[in-house]
Amino acid sequence: MVNFVGTRDTAVRLIMVRLLTYICFLITLIAGHSVYASQRPEQRLLDALQLIQSAQPARAEQLLKNLIDDEPEFKLAHMLYADLLKARTGPLDHAGMGLSADEELQQLLTEVKKRWQASLLEVDEQNKIPAVLTRLDDNYFHAIAVDLKQSRLFVFENYNGYPKQVDDFFISMGRGGPKKQKEGDLRTPLGVYFVQSYIPPQKLADKYGSGAYPINYPNAWDLFKGRTGNGIWLHGTRSGTYNRPPLASEGCVVLPNDDLLEVGSYINLAQTPVLIGYDLKWLSREQWQAQKQQVSDIFNQWVADWQSLNTESYLSHYSKDFSNGKKDFNHWVAHKRRVAQHKTFVEVEASDVSLLMHPNEDVLVATFNQKYASDNYRSQSWKRQYWHKEDDGKWRIIFEGEISAPATPQLAKRSL
């Protein structure tokens, strides 16, 4: 005789188990999406690439689907998702099966390569200091280093004078590549620059996205080298665009709008250096300390020779190409020799000293607060110098001029 009651109970229990399993699956799926949604789009894309590498296409497909739902303008995510769907029907002949334009395909392939390579760039904690950030004064809360080769922008916190990396972002540069030389060449400049201001999106064309941060290109070194052009900014992307390909701007450094807003949270107007280079050099902490001491010694010797009243030793720190915007080298030398004749003492105090190296040329940018006192004259001013390592291996000053005193640190306003 069949026990219908027992069979029915077993069936009910089986249904309940399956239902609970399904509910748990849904909860896990929703929770997983919530976790991924809290991450940056780039990290979610990289996680999907890792799943593909690990032969988990179904999970990667779902992750990319969620990413596209959240960031519908992320073209690279669309391409990878389309390829995974196409792969269901058979092997792919090549990436970007859904793209008809070869140029767009190459741009996206370059983008995914750069993003993936950046994620694999494992720099040891003691090797996470770019050589360009030689010495940071306390006035600089943060510094920005851009590596155009990696299509990457790094943010560093000034942690008691020690540059500590706190964030990094994918960026696009000029269509002409790096090393701007002249107006209209569509290249991004290389050098030591400073954020000058913030332009809100309401005052900009749509193509600049969530705002713009102009930098001081061309600086004194650029002008000395005869470089032309202007209007180099950090800015966002136009409506309906998540990000632009690695080579896409007219010379500016471009970030996705949300990333630009995050970068903006680190910027103090006129007090945030932006060092743009190609293939940045990274140093261990010990190497960085040694470089800091070596460069500081060069600067300190200039101060010491000035105070020594040995005019010729002091003037030996100046290049024959020197200019301060008003006097060339010969006029500068004549002026300094004439002034020094009647001095019995000179006291110079340089404080708040920052020393930043050009990423790709032998140029040092010094910014400092100078207090000067002598027999008949006293002054205090903020100065900026450009030093150049000349053919004989000696560093000499090629430009020296006053700059505006840093204002009370003020974070740039960033609102859409």
# chains A, B, ... in the order shown; residues from 1 in each chain; ligands from 1

$ closest_atom_pairs --of "region 133-252 of chain A" --to "region 296-319 of chain A" --cutoff "12 Å" --atoms "only C-alpha atoms" --output "Markdown table"
| residue | atom | partner | partner_atom | distance |
| --- | --- | --- | --- | --- |
| A:Thr134 | CA | A:Ser296 | CA | 8.9 |
| A:Arg135 | CA | A:Ser296 | CA | 8.1 |
| A:Leu136 | CA | A:Ser296 | CA | 11.3 |

$ residues_around --residues "Leu63 (chain A)" --least-positions-apart "4" --cutoff "7 Å" --atoms "only C-alpha atoms" --output "VMD selection string"
chain A and resid 48 59 67

$ write_last_selection --atoms "C-alpha atoms" --output "tab-separated table (two decimals), in the first residue's frame"
chain	number	residue	atom	x	y	z
A	48	ALA	CA	35.05	40.86	-15.92
A	59	ARG	CA	29.88	35.23	-14.75
A	67	LEU	CA	27.90	47.34	-15.82

$ closest_atom_pairs --of "region 163-224 of chain A" --to "region 263-286 of chain A" --cutoff "9 Å" --atoms "only C-alpha atoms" --output "tab-separated table"
residue	atom	partner	partner_atom	distance
A:Asp167	CA	A:Val263	CA	8.7
A:Asp168	CA	A:Val263	CA	8.9
A:Phe169	CA	A:Val263	CA	8.6
A:Pro178	CA	A:Tyr278	CA	7.2
A:Lys179	CA	A:Tyr278	CA	8.5
A:Thr188	CA	A:Ile276	CA	8.5
A:Pro189	CA	A:Ile276	CA	7.1
A:Leu190	CA	A:Ile276	CA	5.0
A:Gly191	CA	A:Ile276	CA	5.4
A:Val192	CA	A:Leu275	CA	4.6
A:Tyr193	CA	A:Val274	CA	5.0
A:Phe194	CA	A:Pro273	CA	4.4
A:Val195	CA	A:Ala270	CA	5.2
A:Gln196	CA	A:Ala270	CA	4.7
A:Ser197	CA	A:Leu269	CA	5.7
A:Tyr198	CA	A:Leu269	CA	7.4
A:Tyr213	CA	A:Gly264	CA	8.5
A:Ile215	CA	A:Val274	CA	7.8

$ closest_residue --among "A:Gly174, A:Gly401, A:Pro41, A:Gly229" --to "Leu64 (chain A)" --atoms "only C-alpha atoms"
A:Pro41

$ closest_residue --among "A:Arg337, A:Gly251, A:Gln370, A:Lys86" --to "Gln385 (chain A)" --atoms "only C-alpha atoms"
A:Gln370

$ select_by_dssp --residues "region 74-189 of chain A" --states "strand (DSSP E)" --output "PyMOL selection string"
chain A and resi 129-130+142-147+152-159+162-170+173-174+177-178+187-188

$ write_last_selection --atoms "C-alpha atoms" --output "PDB file, in the first residue's frame"
ATOM      1  CA  ILE A 129      57.176  57.392  -5.508  1.00  0.00           C
ATOM      2  CA  PRO A 130      57.671  59.001  -8.911  1.00  0.00           C
ATOM      3  CA  HIS A 142      48.260  66.848  -2.923  1.00  0.00           C
ATOM      4  CA  ALA A 143      50.154  66.459  -6.182  1.00  0.00           C
ATOM      5  CA  ILE A 144      49.059  64.969  -9.495  1.00  0.00           C
ATOM      6  CA  ALA A 145      51.369  62.920 -11.717  1.00  0.00           C
ATOM      7  CA  VAL A 146      50.203  61.942 -15.207  1.00  0.00           C
ATOM      8  CA  ASP A 147      51.869  59.167 -17.184  1.00  0.00           C
ATOM      9  CA  ARG A 152      47.042  57.104 -16.165  1.00  0.00           C
ATOM     10  CA  LEU A 153      46.652  59.932 -13.661  1.00  0.00           C
ATOM     11  CA  PHE A 154      48.007  59.350 -10.147  1.00  0.00           C
ATOM     12  CA  VAL A 155      47.040  61.374  -7.080  1.00  0.00           C
ATOM     13  CA  PHE A 156      49.531  61.697  -4.223  1.00  0.00           C
ATOM     14  CA  GLU A 157      48.938  62.949  -0.715  1.00  0.00           C
ATOM     15  CA  ASN A 158      51.663  65.024   0.918  1.00  0.00           C
ATOM     16  CA  TYR A 159      52.087  62.888   4.010  1.00  0.00           C
ATOM     17  CA  TYR A 162      56.443  62.091   1.790  1.00  0.00           C
ATOM     18  CA  PRO A 163      54.354  61.558  -1.376  1.00  0.00           C
ATOM     19  CA  LYS A 164      51.851  58.778  -0.725  1.00  0.00           C
ATOM     20  CA  GLN A 165      49.714  57.477  -3.598  1.00  0.00           C
ATOM     21  CA  VAL A 166      46.005  57.632  -2.782  1.00  0.00           C
ATOM     22  CA  ASP A 167      44.253  57.154  -6.138  1.00  0.00           C
ATOM     23  CA  ASP A 168      44.666  56.650  -9.875  1.00  0.00           C
ATOM     24  CA  PHE A 169      42.459  57.082 -12.953  1.00  0.00           C
ATOM     25  CA  PHE A 170      42.344  56.293 -16.683  1.00  0.00           C
ATOM     26  CA  MET A 173      45.512  62.680 -24.111  1.00  0.00           C
ATOM     27  CA  GLY A 174      45.851  64.652 -27.333  1.00  0.00           C
ATOM     28  CA  GLY A 177      50.356  62.131 -28.744  1.00  0.00           C
ATOM     29  CA  PRO A 178      52.742  63.560 -26.121  1.00  0.00           C
ATOM     30  CA  ARG A 187      49.711  67.102 -28.554  1.00  0.00           C
ATOM     31  CA  THR A 188      49.717  67.080 -24.751  1.00  0.00           C
TER      32      THR A 188
END

$ closest_residue --among "A:Lys180, A:Arg238, A:Arg384, A:Arg115" --to "Ala220 (chain A)" --atoms "only C-alpha atoms"
A:Arg384

$ closest_residue --among "A:Gln43, A:Asn257, A:Ser54, A:Thr228" --to "Gly209 (chain A)" --atoms "only C-alpha atoms"
A:Asn257

$ atom_distance --atom1 "CA of Pro406 (chain A)" --atom2 "CA of Ala366 (chain A)"
14.5 Å

$ select_by_dssp --residues "region 225-325 of chain A" --states "alpha helix (DSSP H)" --output "VMD selection string"
chain A and resid 257 to 264 285 to 307 311 to 315

$ atom_distance --atom1 "CA of Ala58 (chain A)" --atom2 "CA of Thr89 (chain A)"
13.6 Å

$ closest_residue --among "A:Glu61, A:Glu250, A:Asp69, A:Glu262" --to "Asp83 (chain A)" --atoms "only C-alpha atoms"
A:Glu61

$ closest_residue --among "A:Leu260, A:Ala131, A:Tyr377, A:Gly211" --to "Gln291 (chain A)" --atoms "only C-alpha atoms"
A:Ala131
